[in-house]
Protein chains: 4
Amino acid sequence: MRCGLRRSRVRAIDILRSAEVTQMIRVVVVGATGYTGAELTRLILGHPGLSLAGLVGHSTAGEPVSSVMPALAGIVDQDVAPFDAAAIADRADAVFCALPHAASAEKVAALRDAGLVVLDLSADFRLRSIESYREWYGEHPAVDRLGEAVYGLPELHREAIRTADLVAVPGCYPTSTILPLAPLLRAGAIEVDGPIVVDAKSGVSGAGRAAKPRTHYPETAESVRAYSIAGRHRHTPEIEQELSRAAGTEIRVIFSPHLVPMTRGILSTCYVRPRAGFDASRCTEIARELYRGSPSVHVLAAGECPDTLWVRGSNRAHVSYTDDVRSGWIVAQGTLDNLVKGASGQAVQCLNVRFGLDEGAGLSQPAMWP
Amino acid sequence: MRCGLRRSRVRAIDILRSAEVTQMIRVVVVGATGYTGAELTRLILGHPGLSLAGLVGHSTAGEPVSSVMPALAGIVDQDVAPFDAAAIADRADAVFCALPHAASAEKVAALRDAGLVVLDLSADFRLRSIESYREWYGEHPAVDRLGEAVYGLPELHREAIRTADLVAVPGCYPTSTILPLAPLLRAGAIEVDGPIVVDAKSGVSGAGRAAKPRTHYPETAESVRAYSIAGRHRHTPEIEQELSRAAGTEIRVIFSPHLVPMTRGILSTCYVRPRAGFDASRCTEIARELYRGSPSVHVLAAGECPDTLWVRGSNRAHVSYTDDVRSGWIVAQGTLDNLVKGASGQAVQCLNVRFGLDEGAGLSQPAMWP
Amino acid sequence: MRCGLRRSRVRAIDILRSAEVTQMIRVVVVGATGYTGAELTRLILGHPGLSLAGLVGHSTAGEPVSSVMPALAGIVDQDVAPFDAAAIADRADAVFCALPHAASAEKVAALRDAGLVVLDLSADFRLRSIESYREWYGEHPAVDRLGEAVYGLPELHREAIRTADLVAVPGCYPTSTILPLAPLLRAGAIEVDGPIVVDAKSGVSGAGRAAKPRTHYPETAESVRAYSIAGRHRHTPEIEQELSRAAGTEIRVIFSPHLVPMTRGILSTCYVRPRAGFDASRCTEIARELYRGSPSVHVLAAGECPDTLWVRGSNRAHVSYTDDVRSGWIVAQGTLDNLVKGASGQAVQCLNVRFGLDEGAGLSQPAMWP
Amino acid sequence: MRCGLRRSRVRAIDILRSAEVTQMIRVVVVGATGYTGAELTRLILGHPGLSLAGLVGHSTAGEPVSSVMPALAGIVDQDVAPFDAAAIADRADAVFCALPHAASAEKVAALRDAGLVVLDLSADFRLRSIESYREWYGEHPAVDRLGEAVYGLPELHREAIRTADLVAVPGCYPTSTILPLAPLLRAGAIEVDGPIVVDAKSGVSGAGRAAKPRTHYPETAESVRAYSIAGRHRHTPEIEQELSRAAGTEIRVIFSPHLVPMTRGILSTCYVRPRAGFDASRCTEIARELYRGSPSVHVLAAGECPDTLWVRGSNRAHVSYTDDVRSGWIVAQGTLDNLVKGASGQAVQCLNVRFGLDEGAGLSQPAMWP
């Protein structure tokens, strides 16, 4: 009988030693009262090497944290603080910035000017091409900081993150799409002469905390619908940028996001044509090889389909490959919790890498199932 | 100000006249206590030209209908009847057969032998090729009746259904996929040299009434997952058969069904490459032309995405086409309620056509929204 | 084997005859684009004796109905009309008014001045005491019309509704509470010396179409919470008024509404102490006696618990009584679809009664299950 | 600006010191593959002072844990072990027993015989009266062990748990009911001459992992229903036992459990009559006083209603009191996650108390919100 933990669990004592115990890393969350902010707070409170040095908000500044986020009642006895880069620099080593795009860049610049390490969850620093940013978002509010940003997908850019002072943490759709496809593109396993079809299904929390008609409960339950499909969704250039880097050539995707009636979770189903000699089993091996040592990615057996519920609440992505024996194509899938591995957990993972902690520190709990 | 009903509502009085009022069509439901059986009963009770002559079940035979289907308490005061083809022939003109495949064929043969018009909701008579049936289902239990079956998609095979005594009512996945694609294939609007990607999302009622671990509430809510993908789902040959008929050439699909946490509804997102001169607007026109006069299909404006909630509970399918301007591809979508236009409503629609009633009789109510 | 419909189904032909066929009753919906307005439209389109003469809205006036309510695309080809009492009087016999309280009274008065029969779904004319209205809602905008209003619960006030020109259709909480309790109070079956505990659970559509943080999908799914409890909810005086009328003495309730994660449905669980000689079986008989001939109420066997899903989409209420053998108390329950028997269906039922149609006309379809 | 954590967060380093680091407490889960077993595993893996020494199952013994519980794929590389008390005693200090009632008692006895500390999540050792056990469950399989069991609600029985070798961990309904009521009964704040009405609403995971028709997704979504009401639910005697202990006199409850369409969470709404001098504010103070120092209970401000979503995934209970000004009664509410504070988290909390760890060790993360 096998008996043991596959990856030895990250033991708190080891983390603390690696962080020199007496010096917990002090972090602040800016944009703390949105969903990714709340999730960051949850993860920080459960992280043995981090110390929560402040929660910053805008419209709720001055209110008790517990009235804005009742899940923290009895746990966090702070008021939401207004943004003040200098004050933050006084008491923190690093900042998680969980603001909407455009609003974020300005604050990030101020925080960087104050000498802080910044993990930015917005889209503002993810695109390496300023032209591409302009095309999809308009003028960039902090062009000069664009150069120092590193794309925060540790599984692909771990080394660059180790020394980065500005990490652009990827979004949920890109992460769930890049993780299954990048290994194949790096290995030259699939054809790249046509666009890759990416059909993605997302839970509703990805749309944020603001109440909108399209996320009103009665019109969301029992509703499945696509939106911003066919090249209209702003995650498209980010996906293409990273797939192109992996492939070493320009990659196009047909990206179709769908909203499904659940709170958390994202599943990207991708359709690719393998080159001669590659099938789902081989792709599985390739991905396992690439993600060996990555605590947050698990590659399922070929032909096994992932399930959003198996990763909910955890910082884990499940990746899988299935042969379509009749057409010869391969269906590649990636799933994750959009608020954890698709946002806040990934940001913590990047911080771990940046500060020399174990990459999985504070992120080792399995999914909340069911 | 425009004011009026686009299609004049099917007025009960007209239906009754067309059915010669004094002679309501008497129908029986075999397999009445499953989900499609319950839905047939609901539709029959709301149909001005049909008279419910009996509900037949197997394991629940002899029990009051209202204890097996509490929604009928106070409405239907019958017991579930055992199957008896002769007894059914005595009191009915037509039979809806809502049994699982294989179990159905035998009963259908007996009902046909007794001279009844049969609308079969199983897969048993949908495939025209006996070889294909064997490959996907095994030996066919009533091969000799295969020849008289007509594929019950009125929008494509209305004339054949008018005189058919055995109608093989299509399933939910095929209907939601064929409706958006058939117009394009008939018109030669899209390339057919490679497989067509069909990424479908279905509500859980499609899996039937039997409780199974995969449809247990706690493991279904907050869960999105693919299943039987990559050429393993038995609806694949049915989809290919009908698309091939529409195209006049062999069509292959990569069909990926997904289960999403809702009870009713199905959405098929299909990815096609248009031939020169065809875009989403042109496809929209082509589909509107084909479905003119079809009361159950509505073609949305180009670029508009359908929503399962807009058709829930109704016998309507919404179809749409969107250009992916960056790749030149077209995203074709079809949505419907899997238990109505994807099963029981479609069966009633076929009966209407077969018996010379207005095609939309008893099916005119809009969706239950929200 | 029993075989037949308990209550003979309302046959369309009979309804039409009773309405003299050539003279369909012409109706208009004011406030057509909210949830109860949409539901009214669905029911009117399925009603054999009603003709839809217009849909009136405010903020959406001038827009196509199908863009405001996509479920009606391809079915209703009208624009939303602005409110104009004279224009409505020209083409309609009766008006359903589905506006928020206060906003409604003014419009109702204008419609009544124009000679129309009005079925008002707001709270404005439900309270018979002007003092009570003031206490809970403030100044009444149309005091002089208060006197002619009849409380539109046909099961209790059928005769008064037959001649009423202004019907105040009860809300969902009162209907689900009054239906199980009124028979007991009329029969003197329960103690009335203390308050009656009413613990109610409602789906989210009861909160209306406007998106609010508390009905935002991610904060509503997986959330159960009470609100406006302990005498704060405005349905309290309406419940007490009707229970007091039934009892012939002042009745107090402790009314605790809860929001549960579903779209439709309401369940009221009430706790009462029976007087000597009364138990759940006797209460069941009493209720069956009172509701004999009422097509919309079904009294379950003693000890059987109702389920919101069994009535969803139908105009039916299920009522039941269960003995708590240990305490001697009785648990009385009522369930219904808040948008149908709790609002729009009940309004149609009142119209049927008022215009001499069969009470169940257009309301005979069973629940959409599942 | 206030800035700090109300209760200083349980720092991993302190826990480890208190557990003498080199000696992690080794635990085994028996019945590991059900929902409470899975939740125990999740909590143990996130607990800095516990070491997972084995997962024991029956029907799945010999299978890889990751195939039975896919959420653990890539995390736990063990097979499910068969039950063997001696083998468990060799490698563990304590055992969590997450088996159904009756099945549990026998295993618990064997584990106790082997000298292990047992935290039993079944109902087998919760009732102190053997007569009461017989009445509700039948013959007790291990009567002689009944005497040593301590009821594992740390907030009320902390001292007894410190030295207990057999802890009977309370169920979800009792915990959510006892926590708001016990303070009032201890303080003599409410009348106890009649039964207390307890109307409870539970998520579906409380019904366990086995698929049943009543928890089949299509019949559970959009469904609210009571079950086993009026003195039929087996949690009734457990609730009454503990309330009676708190009151020092016999307490009766009318306990009405309802199933609502969500996976996790329970809300008990209780109706009580205060004695002179007591209102919701006073009750709030009393409860805060009793739960001072209890890391898992938070008492909301008087009049504030708790929400299951605010505690989901955490080991926290929210308790609140609201005045019904019209009747003078008080509505007392308690909410928690049925799988955490209502089962597995509470078991871990008991273990913490028993082994001298900080009571909140491994349980400090806030709710997963949303």
# chains A, B, ... in the order shown; residues from 1 in each chain; ligands from 1
call {"tool": "residues_around", "arguments": {"residues": "range 245-252 of chain A", "least_positions_apart": "5", "cutoff": "9 Å", "atoms": "only C-alpha atoms", "output": "PyMOL selection string"}}
result
(chain A and resi 156+181-188+192-197+236-237+239-240) or (chain B and resi 326-327)
call {"tool": "residues_around", "arguments": {"residues": "Ser294 in chain A", "least_positions_apart": "2", "cutoff": "9 Å", "atoms": "only C-alpha atoms", "output": "list of chain:residue names"}}
result
A:Pro154, A:Glu155, A:Leu290, A:Tyr291, A:Arg292, A:Ser296, A:Val297, A:His298, A:Glu359, A:Gly360
call {"tool": "write_last_selection", "arguments": {"atoms": "C-alpha atoms", "output": "PDB file, in the first residue's frame"}}
result
ATOM      1  CA  PRO A 154       5.358  31.203 -12.573  1.00  0.00           C
ATOM      2  CA  GLU A 155       5.095  27.954 -14.491  1.00  0.00           C
ATOM      3  CA  LEU A 290       7.209  21.036 -18.189  1.00  0.00           C
ATOM      4  CA  TYR A 291       5.204  21.263 -14.973  1.00  0.00           C
ATOM      5  CA  ARG A 292       7.406  18.937 -12.910  1.00  0.00           C
ATOM      6  CA  SER A 296       0.003  24.406  -8.705  1.00  0.00           C
ATOM      7  CA  VAL A 297      -0.482  22.420 -11.895  1.00  0.00           C
ATOM      8  CA  HIS A 298      -1.687  18.858 -12.111  1.00  0.00           C
ATOM      9  CA  GLU A 359       6.366  28.556  -4.255  1.00  0.00           C
ATOM     10  CA  GLY A 360       3.382  26.808  -2.666  1.00  0.00           C
TER      11      GLY A 360
END
call {"tool": "atom_distance", "arguments": {"atom1": "CA of Cys305 in chain C", "atom2": "CA of Glu238 in chain D"}}
result
23.3 Å
call {"tool": "closest_residue", "arguments": {"among": "A:Val68, A:Val150, A:Ala276, A:Ala73", "to": "chain C", "atoms": "only C-alpha atoms"}}
result
A:Val68
call {"tool": "atom_distance", "arguments": {"atom1": "CA of Val56 in chain D", "atom2": "CA of Thr335 in chain A"}}
result
28.9 Å
call {"tool": "select_by_dssp", "arguments": {"residues": "range 167-294 of chain D", "states": "helix (DSSP H, G or I)", "output": "ChimeraX atom specification"}}
result
/D:172-186,204-207,213-215,217-220,236-247,280-291
call {"tool": "write_last_selection", "arguments": {"atoms": "C-alpha atoms", "output": "mmCIF file, in the first residue's frame"}}
result
data_model
loop_
_atom_site.group_PDB
_atom_site.id
_atom_site.type_symbol
_atom_site.label_atom_id
_atom_site.label_comp_id
_atom_site.auth_asym_id
_atom_site.auth_seq_id
_atom_site.Cartn_x
_atom_site.Cartn_y
_atom_site.Cartn_z
ATOM 1 C CA CYS D 172 -24.846 20.757 11.947
ATOM 2 C CA TYR D 173 -28.458 21.389 12.969
ATOM 3 C CA PRO D 174 -27.740 21.140 16.715
ATOM 4 C CA THR D 175 -24.695 23.410 16.521
ATOM 5 C CA SER D 176 -26.498 26.142 14.580
ATOM 6 C CA THR D 177 -29.429 25.943 16.997
ATOM 7 C CA ILE D 178 -27.642 25.531 20.316
ATOM 8 C CA LEU D 179 -25.155 28.350 19.773
ATOM 9 C CA PRO D 180 -27.806 31.118 19.604
ATOM 10 C CA LEU D 181 -30.141 29.598 22.220
ATOM 11 C CA ALA D 182 -27.814 28.304 24.931
ATOM 12 C CA PRO D 183 -26.689 31.737 26.145
ATOM 13 C CA LEU D 184 -30.321 32.814 26.568
ATOM 14 C CA LEU D 185 -31.276 29.652 28.408
ATOM 15 C CA ARG D 186 -28.254 29.793 30.701
ATOM 16 C CA VAL D 204 -27.668 19.667 0.338
ATOM 17 C CA SER D 205 -24.219 18.408 1.321
ATOM 18 C CA GLY D 206 -25.690 17.644 4.733
ATOM 19 C CA ALA D 207 -27.445 14.694 3.097
ATOM 20 C CA PRO D 213 -33.597 11.109 -6.021
ATOM 21 C CA ARG D 214 -34.212 13.903 -3.521
ATOM 22 C CA THR D 215 -30.726 15.292 -4.089
ATOM 23 C CA TYR D 217 -29.715 18.142 -9.327
ATOM 24 C CA PRO D 218 -32.811 18.804 -11.469
ATOM 25 C CA GLU D 219 -35.133 18.125 -8.542
ATOM 26 C CA THR D 220 -33.062 20.073 -6.015
ATOM 27 C CA THR D 236 -34.331 16.689 17.744
ATOM 28 C CA PRO D 237 -33.322 14.824 20.953
ATOM 29 C CA GLU D 238 -29.751 16.073 20.650
ATOM 30 C CA ILE D 239 -30.927 19.666 20.424
ATOM 31 C CA GLU D 240 -33.284 19.199 23.365
ATOM 32 C CA GLN D 241 -30.628 17.490 25.480
ATOM 33 C CA GLU D 242 -28.195 20.359 25.149
ATOM 34 C CA LEU D 243 -30.791 23.102 25.497
ATOM 35 C CA SER D 244 -32.114 21.399 28.608
ATOM 36 C CA ARG D 245 -28.612 21.231 30.084
ATOM 37 C CA ALA D 246 -28.191 24.933 29.388
ATOM 38 C CA ALA D 247 -31.578 25.780 30.891
ATOM 39 C CA ALA D 280 -32.219 41.629 21.538
ATOM 40 C CA SER D 281 -29.534 44.040 22.718
ATOM 41 C CA ARG D 282 -29.331 42.368 26.089
ATOM 42 C CA CYS D 283 -29.261 38.929 24.469
ATOM 43 C CA THR D 284 -26.447 40.092 22.233
ATOM 44 C CA GLU D 285 -24.427 41.142 25.281
ATOM 45 C CA ILE D 286 -25.121 37.859 27.022
ATOM 46 C CA ALA D 287 -23.980 35.854 24.034
ATOM 47 C CA ARG D 288 -20.868 37.982 23.561
ATOM 48 C CA GLU D 289 -20.004 37.446 27.169
ATOM 49 C CA LEU D 290 -20.400 33.666 26.896
ATOM 50 C CA TYR D 291 -18.449 33.444 23.643
#
call {"tool": "residues_around", "arguments": {"residues": "Leu259 in chain D", "least_positions_apart": "5", "cutoff": "12 Å", "atoms": "only C-alpha atoms", "output": "ChimeraX atom specification"}}
result
/B:217 /C:201,224,260-261,267,305-308 /D:173,199-207,214-215,219-229,264-267
call {"tool": "write_last_selection", "arguments": {"atoms": "C-alpha atoms", "output": "PDB file, in the first residue's frame"}}
result
ATOM      1  CA  TYR B 217     -26.555  18.240  -6.385  1.00  0.00           C
TER       2      TYR B 217
ATOM      3  CA  LYS C 201     -38.555  31.321   2.149  1.00  0.00           C
ATOM      4  CA  VAL C 224     -29.574  31.902   2.702  1.00  0.00           C
ATOM      5  CA  VAL C 260     -32.995  31.464  -0.789  1.00  0.00           C
ATOM      6  CA  PRO C 261     -30.927  30.802  -3.897  1.00  0.00           C
ATOM      7  CA  LEU C 267     -42.738  28.437   0.911  1.00  0.00           C
ATOM      8  CA  CYS C 305     -44.541  18.366   2.740  1.00  0.00           C
ATOM      9  CA  PRO C 306     -44.969  20.580  -0.334  1.00  0.00           C
ATOM     10  CA  ASP C 307     -42.102  21.483  -2.667  1.00  0.00           C
ATOM     11  CA  THR C 308     -41.726  24.748  -4.564  1.00  0.00           C
TER      12      THR C 308
ATOM     13  CA  TYR D 173     -28.458  21.389  12.969  1.00  0.00           C
ATOM     14  CA  ASP D 199     -37.043  26.595  11.582  1.00  0.00           C
ATOM     15  CA  ALA D 200     -33.822  25.446   9.931  1.00  0.00           C
ATOM     16  CA  LYS D 201     -32.613  25.664   6.341  1.00  0.00           C
ATOM     17  CA  SER D 202     -29.813  23.413   5.182  1.00  0.00           C
ATOM     18  CA  GLY D 203     -27.661  23.013   2.101  1.00  0.00           C
ATOM     19  CA  VAL D 204     -27.668  19.667   0.338  1.00  0.00           C
ATOM     20  CA  SER D 205     -24.219  18.408   1.321  1.00  0.00           C
ATOM     21  CA  GLY D 206     -25.690  17.644   4.733  1.00  0.00           C
ATOM     22  CA  ALA D 207     -27.445  14.694   3.097  1.00  0.00           C
ATOM     23  CA  ARG D 214     -34.212  13.903  -3.521  1.00  0.00           C
ATOM     24  CA  THR D 215     -30.726  15.292  -4.089  1.00  0.00           C
ATOM     25  CA  GLU D 219     -35.133  18.125  -8.542  1.00  0.00           C
ATOM     26  CA  THR D 220     -33.062  20.073  -6.015  1.00  0.00           C
ATOM     27  CA  ALA D 221     -32.282  23.287  -7.864  1.00  0.00           C
ATOM     28  CA  GLU D 222     -35.276  25.633  -7.650  1.00  0.00           C
ATOM     29  CA  SER D 223     -36.695  23.449  -4.881  1.00  0.00           C
ATOM     30  CA  VAL D 224     -37.309  24.372  -1.268  1.00  0.00           C
ATOM     31  CA  ARG D 225     -39.032  21.832   0.939  1.00  0.00           C
ATOM     32  CA  ALA D 226     -39.312  20.752   4.533  1.00  0.00           C
ATOM     33  CA  TYR D 227     -38.605  17.147   5.505  1.00  0.00           C
ATOM     34  CA  SER D 228     -38.754  15.059   8.660  1.00  0.00           C
ATOM     35  CA  ILE D 229     -40.494  17.959  10.352  1.00  0.00           C
ATOM     36  CA  ARG D 264     -23.085  24.198   2.015  1.00  0.00           C
ATOM     37  CA  GLY D 265     -24.538  26.190   4.824  1.00  0.00           C
ATOM     38  CA  ILE D 266     -27.191  26.008   7.465  1.00  0.00           C
ATOM     39  CA  LEU D 267     -29.333  28.694   9.041  1.00  0.00           C
TER      40      LEU D 267
END
call {"tool": "select_by_dssp", "arguments": {"residues": "range 164-314 of chain D", "states": "strand (DSSP E or B)", "output": "VMD selection string"}}
result
chain D and resid 166 to 168 190 196 to 202 216 225 to 226 253 to 259 266 to 272 274 297 to 299 307
call {"tool": "closest_residue", "arguments": {"among": "C:Ala110, C:Cys97, C:Leu363, C:Val272", "to": "chain B", "atoms": "only C-alpha atoms"}}
result
C:Leu363
call {"tool": "closest_residue", "arguments": {"among": "D:Gly74, D:Gly231, D:Gly46, D:Gly356", "to": "chain C", "atoms": "only C-alpha atoms"}}
result
D:Gly231
call {"tool": "atom_distance", "arguments": {"atom1": "CA of Leu45 in chain C", "atom2": "CA of Arg162 in chain C"}}
result
23.0 Å
call {"tool": "residues_around", "arguments": {"residues": "Tyr271 in chain C", "least_positions_apart": "2", "cutoff": "7 Å", "atoms": "only C-alpha atoms", "output": "PyMOL selection string"}}
result
chain C and resi 196-198+269+330-332
call {"tool": "closest_residue", "arguments": {"among": "C:His58, C:Arg134, C:Arg158, C:Arg91", "to": "Ala103 in chain C", "atoms": "only C-alpha atoms"}}
result
C:His58
